[in-house]
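Novice: Okay, handing you the structure first.
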Amino acid sequence: LASQNQQISVEALPCNLSGDALLLRQALGNLLDNASDFAPPGSRLQMTCTLHPATPEANPSRATPTLAICVLDDGPGIPDYAKERIFERFYSLPRPQKAKSTGLGLPFVREVALLHGGTVSIQNRPEGGVCACLQLPVATT
């Protein structure tokens, strides 16, 4: 972030999450790296962590609470032709300020999400940029 003169703001409530700390840290690092690579120099990235309650009656796949960790940027967004391919291994879009990546970051994030019983989604924001959201189940005691 410093090399691009970018800043990050974080909105998060305290929450305990069970899982492999190393894998989760790397997955979040990949999402932040992507956001930084596509965001313009001098911009501000956002990271939000939101706890969503269980809603099994409305959505059977949400039988447990989930933690949504979202990374938002102000970059160019995902071109229509790439939307279906961004989680493919070795698929990569050219970065505005850097060389093309290996195309392994987002597939890794998807695998980490699946290993933890969660999901990952990436969507263009209406106001521009992208929102990458890692959703993980939160164990209740």
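The way I read the labels, and the way they are meant: chains A, B, ... in the order of the structure tokens, residue 1 as the first residue of every chain, and ligand 1 as the first ligand shown, with later ones counted on from there.
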With only C-alpha atoms as the counted atoms, please give the residues lying no more than 9 Å from region 62-66 of chain A, apart from itself and same-chain residues fewer than 4 positions off, as an NGL selection string.
Specialist: :A and (50-58 or 118 or 135-140)
Novice: Which polymer residues have any atom within 12 Å of an atom of region 89-100 of chain A, counting only C-alpha atoms, with same-chain residues fewer than 2 positions away left out, as JSON, numbers by chain?
Specialist: {"A": [3, 4, 33, 34, 35, 36, 37, 38, 39, 40, 41, 75, 76, 77, 78, 79, 80, 81, 82, 83, 84, 85, 86, 87, 102, 103, 104, 105, 106, 107, 108, 109, 110, 111]}
Novice: In Å to one decimal, how far is CA of Leu114 (chain A) from CA of Ile8 (chain A)?
Specialist: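 That distance, rounded to one decimal, is 26.5 Å.
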Novice: Please extract the residues of region 42-130 of chain A with a backbone DSSP assignment of alpha helix (DSSP H) and present them as a PyMOL selection string.
Specialist: chain A and resi 105-115
Novice: Would you write out those residues with N, CA and C atoms, as a tab-separated table (two decimals), in the first residue's frame?
Specialist:
chain	number	residue	atom	x	y	z
A	105	GLY	N	-3.90	-16.36	-7.01
A	105	GLY	CA	-4.39	-15.75	-5.77
A	105	GLY	C	-5.86	-15.99	-5.50
A	106	LEU	N	-6.73	-15.69	-6.45
A	106	LEU	CA	-8.17	-15.87	-6.23
A	106	LEU	C	-8.57	-17.34	-6.15
A	107	PRO	N	-8.00	-18.24	-6.95
A	107	PRO	CA	-8.32	-19.65	-6.73
A	107	PRO	C	-7.91	-20.12	-5.33
A	108	PHE	N	-6.79	-19.61	-4.83
A	108	PHE	CA	-6.36	-19.95	-3.46
A	108	PHE	C	-7.39	-19.45	-2.45
A	109	VAL	N	-7.85	-18.22	-2.62
A	109	VAL	CA	-8.86	-17.67	-1.70
A	109	VAL	C	-10.11	-18.53	-1.72
A	110	ARG	N	-10.54	-18.95	-2.91
A	110	ARG	CA	-11.72	-19.80	-3.02
A	110	ARG	C	-11.51	-21.13	-2.29
A	111	GLU	N	-10.33	-21.72	-2.43
A	111	GLU	CA	-10.05	-22.99	-1.75
A	111	GLU	C	-10.04	-22.82	-0.23
A	112	VAL	N	-9.46	-21.74	0.25
A	112	VAL	CA	-9.45	-21.46	1.69
A	112	VAL	C	-10.88	-21.29	2.20
A	113	ALA	N	-11.70	-20.57	1.45
A	113	ALA	CA	-13.10	-20.38	1.84
A	113	ALA	C	-13.80	-21.73	1.92
A	114	LEU	N	-13.63	-22.58	0.92
A	114	LEU	CA	-14.27	-23.89	0.91
A	114	LEU	C	-13.78	-24.77	2.06
A	115	LEU	N	-12.48	-24.73	2.33
A	115	LEU	CA	-11.92	-25.51	3.44
A	115	LEU	C	-12.51	-25.10	4.78
Novice: Using only C-alpha atoms for the distances, tell me which of A:Ser9, A:Ser18, A:Ser43, A:Ser101 is nearest to Val71 (chain A).
Specialist: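 Distance minimum relative to Val71 (chain A) lands on A:Ser9.
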Novice: List every residue of chain A that DSSP, applied to the backbone, labels as strand (DSSP E), and write the result as a PyMOL selection string.
Specialist: chain A and resi 7-12+44-52+66-72+119-124+130-137
Novice: Which is closest to Thr119 (chain A) among A:Glu88, A:Ala68, A:Asn5, A:Arg25, if we use only C-alpha atoms?
Specialist: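 Answer, going by the shortest atom-to-atom distance: A:Ala68.
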Novice: As an exercise, work out the distance from CA of Cys15 (chain A) to CA of Ile122 (chain A) in Å and give it to one decimal place.
Specialist: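 A separation of 22.8 Å between them.
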